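Below is the file data-v3.cif, which contains mmCIF, C-alpha atoms; chains and numbers go by the auth columns.
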```
data_data
loop_
_atom_site.group_PDB
_atom_site.id
_atom_site.type_symbol
_atom_site.label_atom_id
_atom_site.label_comp_id
_atom_site.label_asym_id
_atom_site.label_seq_id
_atom_site.Cartn_x
_atom_site.Cartn_y
_atom_site.Cartn_z
_atom_site.B_iso_or_equiv
_atom_site.auth_seq_id
_atom_site.auth_asym_id
ATOM 1 C CA MET A 1 93.993 98.495 99.998 0.00 1 A
ATOM 2 C CA ARG A 2 91.021 99.376 102.204 0.00 2 A
ATOM 3 C CA SER A 3 88.559 97.729 99.790 0.00 3 A
ATOM 4 C CA SER A 4 88.554 96.319 96.281 0.00 4 A
ATOM 5 C CA HIS A 5 86.887 97.994 93.326 0.00 5 A
ATOM 6 C CA LEU A 6 84.491 95.010 93.160 0.00 6 A
ATOM 7 C CA SER A 7 83.356 95.346 96.768 0.00 7 A
ATOM 8 C CA LEU A 8 82.876 99.094 96.342 0.00 8 A
ATOM 9 C CA PHE A 9 80.760 98.449 93.250 0.00 9 A
ATOM 10 C CA ALA A 10 78.685 95.802 95.020 0.00 10 A
ATOM 11 C CA ALA A 11 78.151 98.097 97.987 0.00 11 A
ATOM 12 C CA SER A 12 76.942 100.871 95.712 0.00 12 A
ATOM 13 C CA LEU A 13 74.365 98.542 94.151 0.00 13 A
ATOM 14 C CA LEU A 14 73.074 97.386 97.533 0.00 14 A
ATOM 15 C CA SER A 15 72.874 100.837 99.107 0.00 15 A
ATOM 16 C CA THR A 16 69.669 102.726 98.300 0.00 16 A
ATOM 17 C CA PHE A 17 71.355 105.870 99.548 0.00 17 A
ATOM 18 C CA ALA A 18 74.365 105.692 97.189 0.00 18 A
ATOM 19 C CA VAL A 19 74.911 108.866 95.175 0.00 19 A
ATOM 20 C CA ALA A 20 76.460 108.653 91.695 0.00 20 A
ATOM 21 C CA CYS A 21 79.354 110.894 90.659 0.00 21 A
ATOM 22 C CA SER A 22 77.398 112.981 88.176 0.00 22 A
ATOM 23 C CA GLU A 23 75.994 116.437 87.677 0.00 23 A
ATOM 24 C CA ASP A 24 72.447 115.075 88.231 0.00 24 A
ATOM 25 C CA ALA A 25 73.496 113.652 91.573 0.00 25 A
ATOM 26 C CA LYS A 26 75.016 116.970 92.576 0.00 26 A
ATOM 27 C CA THR A 27 71.750 118.693 91.791 0.00 27 A
ATOM 28 C CA ALA A 28 69.797 116.161 93.866 0.00 28 A
ATOM 29 C CA ASP A 29 72.079 116.518 96.853 0.00 29 A
ATOM 30 C CA PRO A 30 71.012 119.646 98.803 0.00 30 A
ATOM 31 C CA ASN A 31 74.433 119.883 100.454 0.00 31 A
ATOM 32 C CA ASN A 32 76.295 119.222 97.185 0.00 32 A
ATOM 33 C CA VAL A 33 78.304 116.461 98.923 0.00 33 A
ATOM 34 C CA VAL A 34 78.931 113.570 96.545 0.00 34 A
ATOM 35 C CA GLU A 35 80.453 110.379 97.938 0.00 35 A
ATOM 36 C CA SER A 36 81.852 109.199 94.612 0.00 36 A
ATOM 37 C CA SER A 37 83.997 106.103 94.296 0.00 37 A
ATOM 38 C CA CYS A 38 87.433 107.095 93.048 0.00 38 A
ATOM 39 C CA GLU A 39 90.976 105.776 92.957 0.00 39 A
ATOM 40 C CA ALA A 40 94.474 107.204 93.112 0.00 40 A
ATOM 41 C CA THR A 41 97.922 106.067 92.029 0.00 41 A
ATOM 42 C CA PHE A 42 100.955 107.029 94.074 0.00 42 A
ATOM 43 C CA ALA A 43 104.089 106.621 91.937 0.00 43 A
ATOM 44 C CA ILE A 44 107.735 106.757 93.030 0.00 44 A
ATOM 45 C CA LEU A 45 110.103 107.853 90.251 0.00 45 A
ATOM 46 C CA GLN A 46 113.896 107.920 90.363 0.00 46 A
ATOM 47 C CA LYS A 47 117.019 108.806 88.409 0.00 47 A
ATOM 48 C CA ASP A 48 120.713 108.736 89.210 0.00 48 A
ATOM 49 C CA ALA A 49 121.666 111.802 91.255 0.00 49 A
ATOM 50 C CA TYR A 50 124.133 114.171 89.541 0.00 50 A
ATOM 51 C CA LYS A 51 123.360 112.789 86.071 0.00 51 A
ATOM 52 C CA GLU A 52 121.182 114.324 83.384 0.00 52 A
ATOM 53 C CA THR A 53 120.696 110.989 81.618 0.00 53 A
ATOM 54 C CA ALA A 54 117.750 108.658 82.047 0.00 54 A
ATOM 55 C CA GLY A 55 117.036 106.022 84.663 0.00 55 A
ATOM 56 C CA ARG A 56 118.900 104.238 87.407 0.00 56 A
ATOM 57 C CA SER A 57 122.225 102.492 86.882 0.00 57 A
ATOM 58 C CA SER A 58 122.708 100.918 90.311 0.00 58 A
ATOM 59 C CA ASP A 59 121.346 100.863 93.870 0.00 59 A
ATOM 60 C CA LEU A 60 124.957 101.537 94.881 0.00 60 A
ATOM 61 C CA TRP A 61 124.605 105.102 93.574 0.00 61 A
ATOM 62 C CA PRO A 62 122.432 107.766 95.283 0.00 62 A
ATOM 63 C CA PRO A 63 119.125 108.457 93.518 0.00 63 A
ATOM 64 C CA HIS A 64 117.000 111.520 93.113 0.00 64 A
ATOM 65 C CA THR A 65 113.364 110.695 93.928 0.00 65 A
ATOM 66 C CA THR A 66 110.260 112.423 92.565 0.00 66 A
ATOM 67 C CA ASN A 67 106.746 111.368 93.684 0.00 67 A
ATOM 68 C CA THR A 68 103.362 111.801 92.002 0.00 68 A
ATOM 69 C CA LEU A 69 99.757 111.275 93.089 0.00 69 A
ATOM 70 C CA THR A 70 97.053 110.978 90.407 0.00 70 A
ATOM 71 C CA VAL A 71 93.362 110.886 91.371 0.00 71 A
ATOM 72 C CA SER A 72 90.744 109.484 88.972 0.00 72 A
ATOM 73 C CA CYS A 73 86.948 109.256 89.192 0.00 73 A
ATOM 74 C CA ASP A 74 84.870 107.279 86.690 0.00 74 A
ATOM 75 C CA GLY A 75 87.969 106.822 84.529 0.00 75 A
ATOM 76 C CA GLU A 76 88.694 110.551 84.352 0.00 76 A
ATOM 77 C CA VAL A 77 91.742 112.182 85.964 0.00 77 A
ATOM 78 C CA VAL A 78 90.498 114.878 88.341 0.00 78 A
ATOM 79 C CA ARG A 79 93.730 115.745 90.158 0.00 79 A
ATOM 80 C CA GLU A 80 97.446 115.407 89.441 0.00 80 A
ATOM 81 C CA ALA A 81 99.833 116.286 92.256 0.00 81 A
ATOM 82 C CA VAL A 82 103.617 116.279 91.842 0.00 82 A
ATOM 83 C CA GLN A 83 106.443 116.541 94.362 0.00 83 A
ATOM 84 C CA ALA A 84 109.670 116.988 92.365 0.00 84 A
ATOM 85 C CA ASN A 85 111.546 117.360 95.663 0.00 85 A
ATOM 86 C CA HIS A 86 113.880 120.058 94.365 0.00 86 A
ATOM 87 C CA GLY A 87 114.667 118.007 91.259 0.00 87 A
ATOM 88 C CA THR A 88 113.400 116.544 87.997 0.00 88 A
ATOM 89 C CA LEU A 89 109.773 116.777 86.884 0.00 89 A
ATOM 90 C CA PRO A 90 107.934 113.815 85.334 0.00 90 A
ATOM 91 C CA GLY A 91 108.231 113.769 81.567 0.00 91 A
ATOM 92 C CA ALA A 92 111.609 115.527 81.430 0.00 92 A
ATOM 93 C CA LYS A 93 113.930 113.989 78.840 0.00 93 A
ATOM 94 C CA ASP A 94 117.689 113.679 78.484 0.00 94 A
ATOM 95 C CA ALA A 95 119.759 114.737 75.475 0.00 95 A
ATOM 96 C CA SER A 96 118.929 111.432 73.765 0.00 96 A
ATOM 97 C CA GLY A 97 115.191 112.005 74.115 0.00 97 A
ATOM 98 C CA ASP A 98 114.701 109.372 76.823 0.00 98 A
ATOM 99 C CA VAL A 99 112.426 110.123 79.781 0.00 99 A
ATOM 100 C CA ILE A 100 114.796 110.744 82.694 0.00 100 A
ATOM 101 C CA LEU A 101 112.702 109.475 85.607 0.00 101 A
ATOM 102 C CA GLN A 102 112.088 105.735 85.940 0.00 102 A
ATOM 103 C CA GLN A 103 109.044 104.444 87.839 0.00 103 A
ATOM 104 C CA MET A 104 110.298 102.282 90.699 0.00 104 A
ATOM 105 C CA LYS A 105 107.023 101.574 92.514 0.00 105 A
ATOM 106 C CA ALA A 106 103.303 102.343 92.318 0.00 106 A
ATOM 107 C CA VAL A 107 100.638 102.074 95.024 0.00 107 A
ATOM 108 C CA GLU A 108 96.924 101.944 94.191 0.00 108 A
ATOM 109 C CA LEU A 109 94.460 103.603 96.596 0.00 109 A
ATOM 110 C CA ASP A 110 90.672 103.675 96.897 0.00 110 A
ATOM 111 C CA GLY A 111 88.448 106.325 98.429 0.00 111 A
ATOM 112 C CA THR A 112 85.886 109.007 97.811 0.00 112 A
ATOM 113 C CA ARG A 113 86.833 112.007 95.757 0.00 113 A
ATOM 114 C CA GLU A 114 86.755 114.154 98.876 0.00 114 A
ATOM 115 C CA GLU A 115 89.150 111.798 100.697 0.00 115 A
ATOM 116 C CA LEU A 116 91.600 111.530 97.838 0.00 116 A
ATOM 117 C CA GLU A 117 91.524 115.270 97.125 0.00 117 A
ATOM 118 C CA SER A 118 92.318 115.821 100.810 0.00 118 A
ATOM 119 C CA LEU A 119 95.202 113.355 100.510 0.00 119 A
ATOM 120 C CA ALA A 120 96.476 115.231 97.451 0.00 120 A
ATOM 121 C CA ASP A 121 96.378 118.518 99.384 0.00 121 A
ATOM 122 C CA ALA A 122 98.412 116.973 102.210 0.00 122 A
ATOM 123 C CA PHE A 123 100.806 115.386 99.702 0.00 123 A
ATOM 124 C CA GLU A 124 101.501 118.742 98.004 0.00 124 A
ATOM 125 C CA ALA A 125 102.327 120.283 101.395 0.00 125 A
ATOM 126 C CA CYS A 126 104.495 117.367 102.539 0.00 126 A
ATOM 127 C CA SER A 127 108.242 118.068 102.760 0.00 127 A
ATOM 128 C CA CYS A 128 111.084 118.415 105.247 0.00 128 A
ATOM 129 C CA ASP A 129 111.530 122.097 104.384 0.00 129 A
ATOM 130 C CA GLY A 130 111.311 124.399 107.362 0.00 130 A
ATOM 131 C CA GLU A 131 112.673 121.949 109.912 0.00 131 A
ATOM 132 C CA THR A 132 115.895 121.154 108.040 0.00 132 A
ATOM 133 C CA THR A 133 117.663 122.733 105.062 0.00 133 A
ATOM 134 C CA PHE A 134 117.706 121.131 101.629 0.00 134 A
ATOM 135 C CA LEU A 135 121.200 120.030 100.607 0.00 135 A
ATOM 136 C CA SER A 136 121.497 119.697 96.850 0.00 136 A
ATOM 137 C CA LEU A 137 123.036 116.476 95.585 0.00 137 A
ATOM 138 C CA ASP A 138 124.045 118.439 92.488 0.00 138 A
ATOM 139 C CA SER A 139 126.232 120.933 94.361 0.00 139 A
ATOM 140 C CA LEU A 140 129.481 119.208 95.217 0.00 140 A
ATOM 141 C CA SER A 141 131.114 122.614 95.467 0.00 141 A
ATOM 142 C CA ASP A 142 129.021 123.206 98.569 0.00 142 A
ATOM 143 C CA THR A 143 131.275 123.240 101.623 0.00 143 A
ATOM 144 C CA VAL A 144 129.333 120.574 103.487 0.00 144 A
ATOM 145 C CA VAL A 145 129.232 118.205 100.529 0.00 145 A
ATOM 146 C CA SER A 146 132.926 118.800 99.906 0.00 146 A
ATOM 147 C CA ASP A 147 133.564 117.591 103.456 0.00 147 A
ATOM 148 C CA ILE A 148 131.722 114.396 102.595 0.00 148 A
ATOM 149 C CA VAL A 149 133.897 113.832 99.524 0.00 149 A
ATOM 150 C CA VAL A 150 137.030 114.288 101.649 0.00 150 A
ATOM 151 C CA GLU A 151 135.791 111.790 104.230 0.00 151 A
ATOM 152 C CA LEU A 152 134.776 109.287 101.546 0.00 152 A
ATOM 153 C CA SER A 153 138.148 109.628 99.806 0.00 153 A
ATOM 154 C CA GLN A 154 140.018 108.925 103.039 0.00 154 A
ATOM 155 C CA TYR A 155 137.821 105.961 103.917 0.00 155 A
ATOM 156 C CA LEU A 156 138.212 104.341 100.492 0.00 156 A
ATOM 157 C CA SER A 157 141.962 104.914 100.514 0.00 157 A
ATOM 158 C CA ASP A 158 142.221 103.248 103.929 0.00 158 A
ATOM 159 C CA ASN A 159 139.917 100.298 103.252 0.00 159 A
ATOM 160 C CA LEU A 160 139.951 99.400 99.553 0.00 160 A
ATOM 161 C CA VAL A 161 142.447 97.043 97.896 0.00 161 A
ATOM 162 C CA CYS A 162 142.402 97.493 94.130 0.00 162 A
ATOM 163 C CA GLU A 163 144.075 95.978 91.085 0.00 163 A
ATOM 164 C CA GLY A 164 143.719 97.945 87.862 0.00 164 A
ATOM 165 C CA ALA A 165 142.277 100.971 89.670 0.00 165 A
ATOM 166 C CA THR A 166 142.966 103.201 92.652 0.00 166 A
ATOM 167 C CA PRO A 167 140.639 104.537 95.347 0.00 167 A
ATOM 168 C CA GLU A 168 141.591 108.063 94.255 0.00 168 A
ATOM 169 C CA GLU A 169 140.346 107.369 90.728 0.00 169 A
ATOM 170 C CA ILE A 170 137.027 106.110 92.092 0.00 170 A
ATOM 171 C CA VAL A 171 136.584 109.181 94.290 0.00 171 A
ATOM 172 C CA ASN A 172 137.395 111.483 91.366 0.00 172 A
ATOM 173 C CA HIS A 173 134.718 109.790 89.269 0.00 173 A
ATOM 174 C CA LEU A 174 132.209 110.149 92.101 0.00 174 A
ATOM 175 C CA ALA A 175 133.064 113.814 92.596 0.00 175 A
ATOM 176 C CA ASN A 176 132.490 114.428 88.873 0.00 176 A
ATOM 177 C CA GLY A 177 129.177 112.579 88.865 0.00 177 A
ATOM 178 C CA GLU A 178 130.567 109.832 86.611 0.00 178 A
ATOM 179 C CA VAL A 179 128.511 106.897 87.815 0.00 179 A
ATOM 180 C CA GLU A 180 129.371 104.116 85.380 0.00 180 A
ATOM 181 C CA PRO A 181 133.183 104.600 85.514 0.00 181 A
ATOM 182 C CA ALA A 182 133.124 104.709 89.325 0.00 182 A
ATOM 183 C CA ILE A 183 131.129 101.493 89.641 0.00 183 A
ATOM 184 C CA GLY A 184 133.206 99.902 86.875 0.00 184 A
ATOM 185 C CA LYS A 185 136.436 100.582 88.771 0.00 185 A
ATOM 186 C CA LEU A 186 134.921 99.271 91.993 0.00 186 A
ATOM 187 C CA SER A 187 134.744 95.861 90.299 0.00 187 A
ATOM 188 C CA TYR A 188 138.572 95.779 90.424 0.00 188 A
ATOM 189 C CA CYS A 189 138.560 96.335 94.182 0.00 189 A
ATOM 190 C CA SER A 190 137.783 94.487 97.373 0.00 190 A
ATOM 191 C CA TRP A 191 137.492 95.558 100.982 0.00 191 A
ATOM 192 C CA SER A 192 140.452 94.865 103.231 0.00 192 A
ATOM 193 C CA SER A 193 137.968 93.579 105.833 0.00 193 A
ATOM 194 C CA GLY A 194 136.909 90.786 103.472 0.00 194 A
ATOM 195 C CA LYS A 195 133.295 91.985 103.347 0.00 195 A
ATOM 196 C CA SER A 196 131.248 91.901 100.145 0.00 196 A
ATOM 197 C CA LEU A 197 131.118 95.007 97.954 0.00 197 A
ATOM 198 C CA ASP A 198 127.592 95.889 99.147 0.00 198 A
ATOM 199 C CA GLU A 199 128.428 95.352 102.826 0.00 199 A
ATOM 200 C CA GLY A 200 131.608 97.396 102.493 0.00 200 A
ATOM 201 C CA LEU A 201 129.764 100.264 100.814 0.00 201 A
ATOM 202 C CA ASP A 202 127.179 100.215 103.604 0.00 202 A
ATOM 203 C CA GLU A 203 129.979 100.495 106.147 0.00 203 A
ATOM 204 C CA ALA A 204 131.651 103.255 104.138 0.00 204 A
ATOM 205 C CA LEU A 205 128.408 105.243 104.051 0.00 205 A
ATOM 206 C CA ALA A 206 127.897 104.748 107.788 0.00 206 A
ATOM 207 C CA ALA A 207 131.457 105.885 108.483 0.00 207 A
ATOM 208 C CA VAL A 208 131.125 109.001 106.320 0.00 208 A
ATOM 209 C CA ILE A 209 127.773 109.909 107.892 0.00 209 A
ATOM 210 C CA ALA A 210 129.207 109.432 111.377 0.00 210 A
ATOM 211 C CA ALA A 211 132.235 111.592 110.549 0.00 211 A
ATOM 212 C CA THR A 212 130.048 114.404 109.208 0.00 212 A
ATOM 213 C CA SER A 213 127.025 113.971 111.494 0.00 213 A
ATOM 214 C CA ASP A 214 127.402 117.309 113.277 0.00 214 A
ATOM 215 C CA SER A 215 127.497 119.308 110.049 0.00 215 A
ATOM 216 C CA LEU A 216 124.733 117.296 108.339 0.00 216 A
ATOM 217 C CA LYS A 217 122.101 116.887 111.065 0.00 217 A
ATOM 218 C CA ASP A 218 120.288 120.052 110.005 0.00 218 A
ATOM 219 C CA TYR A 219 120.143 119.064 106.327 0.00 219 A
ATOM 220 C CA HIS A 220 117.968 116.839 104.197 0.00 220 A
ATOM 221 C CA VAL A 221 117.991 115.745 100.547 0.00 221 A
ATOM 222 C CA CYS A 222 115.240 114.806 98.093 0.00 222 A
ATOM 223 C CA ASN A 223 114.999 111.253 99.416 0.00 223 A
ATOM 224 C CA ASN A 224 114.069 112.470 102.916 0.00 224 A
ATOM 225 C CA ASP A 225 111.128 114.349 101.377 0.00 225 A
ATOM 226 C CA ALA A 226 110.197 111.295 99.302 0.00 226 A
ATOM 227 C CA VAL A 227 110.149 108.990 102.328 0.00 227 A
ATOM 228 C CA LEU A 228 107.986 111.454 104.283 0.00 228 A
ATOM 229 C CA GLN A 229 105.507 111.527 101.382 0.00 229 A
ATOM 230 C CA ALA A 230 105.505 107.726 101.097 0.00 230 A
ATOM 231 C CA GLU A 231 104.733 107.462 104.814 0.00 231 A
ATOM 232 C CA LEU A 232 101.796 109.863 104.362 0.00 232 A
ATOM 233 C CA VAL A 233 100.343 107.649 101.621 0.00 233 A
ATOM 234 C CA ALA A 234 100.991 104.428 103.568 0.00 234 A
ATOM 235 C CA SER A 235 99.176 105.864 106.591 0.00 235 A
ATOM 236 C CA PHE A 236 96.141 106.738 104.463 0.00 236 A
ATOM 237 C CA ASP A 237 96.195 103.309 102.811 0.00 237 A
ATOM 238 C CA GLU A 238 96.165 101.644 106.235 0.00 238 A
ATOM 239 C CA THR A 239 93.730 103.859 108.131 0.00 239 A
ATOM 240 C CA GLY A 240 91.681 105.716 105.529 0.00 240 A
ATOM 241 C CA LYS A 241 92.533 108.974 107.281 0.00 241 A
ATOM 242 C CA VAL A 242 94.682 111.884 106.126 0.00 242 A
ATOM 243 C CA VAL A 243 97.229 113.014 108.702 0.00 243 A
ATOM 244 C CA ALA A 244 99.348 116.026 107.725 0.00 244 A
ATOM 245 C CA CYS A 245 103.094 115.438 107.438 0.00 245 A
ATOM 246 C CA ASP A 246 105.238 116.367 110.411 0.00 246 A
ATOM 247 C CA ALA A 247 108.674 117.576 109.313 0.00 247 A
ATOM 248 C CA ALA A 248 109.961 117.457 112.899 0.00 248 A
ATOM 249 C CA VAL A 249 110.691 113.734 112.643 0.00 249 A
ATOM 250 C CA ASP A 250 113.882 111.706 112.378 0.00 250 A
ATOM 251 C CA ALA A 251 113.155 110.967 108.703 0.00 251 A
ATOM 252 C CA CYS A 252 113.950 114.624 107.945 0.00 252 A
ATOM 253 C CA ARG A 253 117.161 114.911 109.976 0.00 253 A
ATOM 254 C CA GLY A 254 120.382 114.112 108.164 0.00 254 A
ATOM 255 C CA PRO A 255 120.610 113.387 104.426 0.00 255 A
ATOM 256 C CA LEU A 256 119.129 110.093 103.260 0.00 256 A
ATOM 257 C CA TRP A 257 121.577 109.480 100.421 0.00 257 A
ATOM 258 C CA PHE A 258 120.233 106.065 99.432 0.00 258 A
ATOM 259 C CA TYR A 259 116.568 105.103 99.014 0.00 259 A
ATOM 260 C CA VAL A 260 115.218 101.921 97.464 0.00 260 A
ATOM 261 C CA PRO A 261 111.367 102.134 97.500 0.00 261 A
#
```

Here is a file; write its structure as C-alpha cells.
Amino acid sequence: MRSSHLSLFAASLLSTFAVACSEDAKTADPNNVVESSCEATFAILQKDAYKETAGRSSDLWPPHTTNTLTVSCDGEVVREAVQANHGTLPGAKDASGDVILQQMKAVELDGTREELESLADAFEACSCDGETTFLSLDSLSDTVVSDIVVELSQYLSDNLVCEGATPEEIVNHLANGEVEPAIGKLSYCSWSSGKSLDEGLDEALAAVIAATSDSLKDYHVCNNDAVLQAELVASFDETGKVVACDAAVDACRGPLWFYVP
C-alpha cells in the first residue's frame, strides 16, 4: 500500500489546505477538484472452467477468472467495475443456489477519488482482445481445442501408468468437463518418469503447449486477461500512477490455462 488509512487521516488533520469529500467542499473549491481520501478493493474470483457448479475443486484443473474493482469514499461505494473476461459474473449461482465464483485474493488500495476512478477506467478497458483472439475454454468442439485434447490424450497414454483406471478414461472425463472423476482417476496413476503428480502434470501441460504452439500463439483465454488486469493494479499499488494496459505483451500470447493468484 502507498500509505495507511491512519497516515492519510493524520495528514488531513495537519494540512490546512485539505479539502473534505463533501458537497460544501465542492462549492468552496472554484475548480471543483476535490482530493478526497478513498479506497478500492481489487478482487480475483475463480471457478472451475467448463463447470456450471460453484467454486474451485483443484489447482490441477484450469480455472475461469473474473476480476472486480470496487471504489469507496467515506464508506460509500462510488464505483463498481467488473471484468468477467468472457465468463461468469459475480453473484451468479449454480443449480443448487451456491454462488459460482470463489474469491481467491483481494488487494486493498488507497488514493484520491480521481486516482481510483482513473484506475477503474483503465481496468474496464484492460484485456488482451484486439492483439490475440479469445479461445473459449467452454468450446471443446473448437478445432484448436480439439487438437489440444488429442495431444493431451497421446501424452497421457505414453506417460501414465495406471491401476484401476486408464489414461483414455481420464481424457474422456476431461473432454466432458468432468473434473472430479478425472482427478479421482489420476489418484490411481503415476508417471513413468517417477515424478510427482504435480510435476508430471506440469510437464504434460508444457508438452501439449509446445506441440500446439503454432496454432495457439494468436489466442488467449480468460486467465490472460485476468493477469493483465492484476498487473495494472499492481503497478498502481507500487507507483501511484495509472498506466493503460498494453495487449501487445507476452502475457496475452498463447492461452494461460492455469492461474493461481

From (141.8, 107.5, 101.4), in the file's coordinates, out to 12 Å: which residues are reached, counting only C-alpha atoms? Answer as a PyMOL selection string. chain A and resi 149-161+166-172+204+208

List, as an MDAnalysis selection string, every residue that the PyMOL selection byres ((chain A and resi 79) around 8) selects in the file provided. chainID A and resid 70:72 77:78 80:81 117 120

Could you spell out the hits of the PyMOL selection byres ((chain A and resi 221-227) around 6) on the shown file, as a ChimeraX atom specification? /A:65,85,127-128,134-135,220,228-230,252,255-256

Measuring between all atoms listed in the file, which one of A:Ser37, A:Ser190, A:Gln103, A:Ser196 shows the shortest distance to Cys73 of chain A?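 Smallest distance to Cys73 of chain A is found for A:Ser37.
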
Tell me which residues the PyMOL selection byres ((chain A and resi 216) around 12) grabs here, as a list of chain:residue names. A:Thr132, A:Thr133, A:Phe134, A:Leu135, A:Thr143, A:Val144, A:Val145, A:Ser146, A:Asp147, A:Ile148, A:Val208, A:Ile209, A:Ala210, A:Ala211, A:Thr212, A:Ser213, A:Asp214, A:Ser215, A:Lys217, A:Asp218, A:Tyr219, A:His220, A:Val221, A:Cys252, A:Arg253, A:Gly254, A:Pro255, A:Leu256, A:Trp257

Give me, please, the distance in Å between atom CA of Ala122 of chain A and atom CA of Thr88 of chain A, quoted to one decimal. 20.7 Å

Could you work out an axis-aligned bounding box for all listed atoms of segment 186-192 of chain A, with 3 Å added on each of the six sides, and give its centre and edge lengths in Å to one decimal, as AutoDock Vina command-line options?
```
--center_x 137.6 --center_y 96.9 --center_z 96.8 --size_x 11.7 --size_y 10.8 --size_z 18.9
```

I'd like the contact shell of Met104 of chain A - 9 Å cut-off, all atoms listed in the file, skipping same-chain residues fewer than 5 positions apart - returned as an MDAnalysis selection string. chainID A and resid 43:46 260:261

How far is it from atom CA of Tyr188 of chain A to atom CA of His173 of chain A, in Å with one decimal? 14.6 Å

Among the residues A:Pro90, A:Ala251, A:Phe258, A:Val243, the one that comes closest to Glu115 of chain A [using only C-alpha atoms]: A:Val243

As an exercise, work out the distance from atom CA of Asp246 of chain A to atom CA of Thr41 of chain A in Å and give it to one decimal place. 22.3 Å

Would you list the contacts of Asp94 of chain A as a compact mmCIF listing (two decimals) with C-alpha atoms, keeping the file's coordinate frame, taking every protein, DNA or RNA residue within 10 Å and counting all atoms listed in the file, but skipping same-chain residues closer than 6 positions in sequence?
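Done, and the output landed in result_31.txt:
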```txt
# COMPACT_ATOMS: atom_id res chain seq x y z
CA LYS A 51 123.36 112.79 86.07
CA GLU A 52 121.18 114.32 83.38
CA THR A 53 120.70 110.99 81.62
CA ALA A 54 117.75 108.66 82.05
CA GLY A 55 117.04 106.02 84.66
CA ILE A 100 114.80 110.74 82.69
CA LEU A 101 112.70 109.48 85.61
```

Min atom-atom distance to Leu119 of chain A from the set A:Val99, A:Leu174, A:Cys189, A:Leu69, counting only C-alpha atoms, belongs to A:Leu69
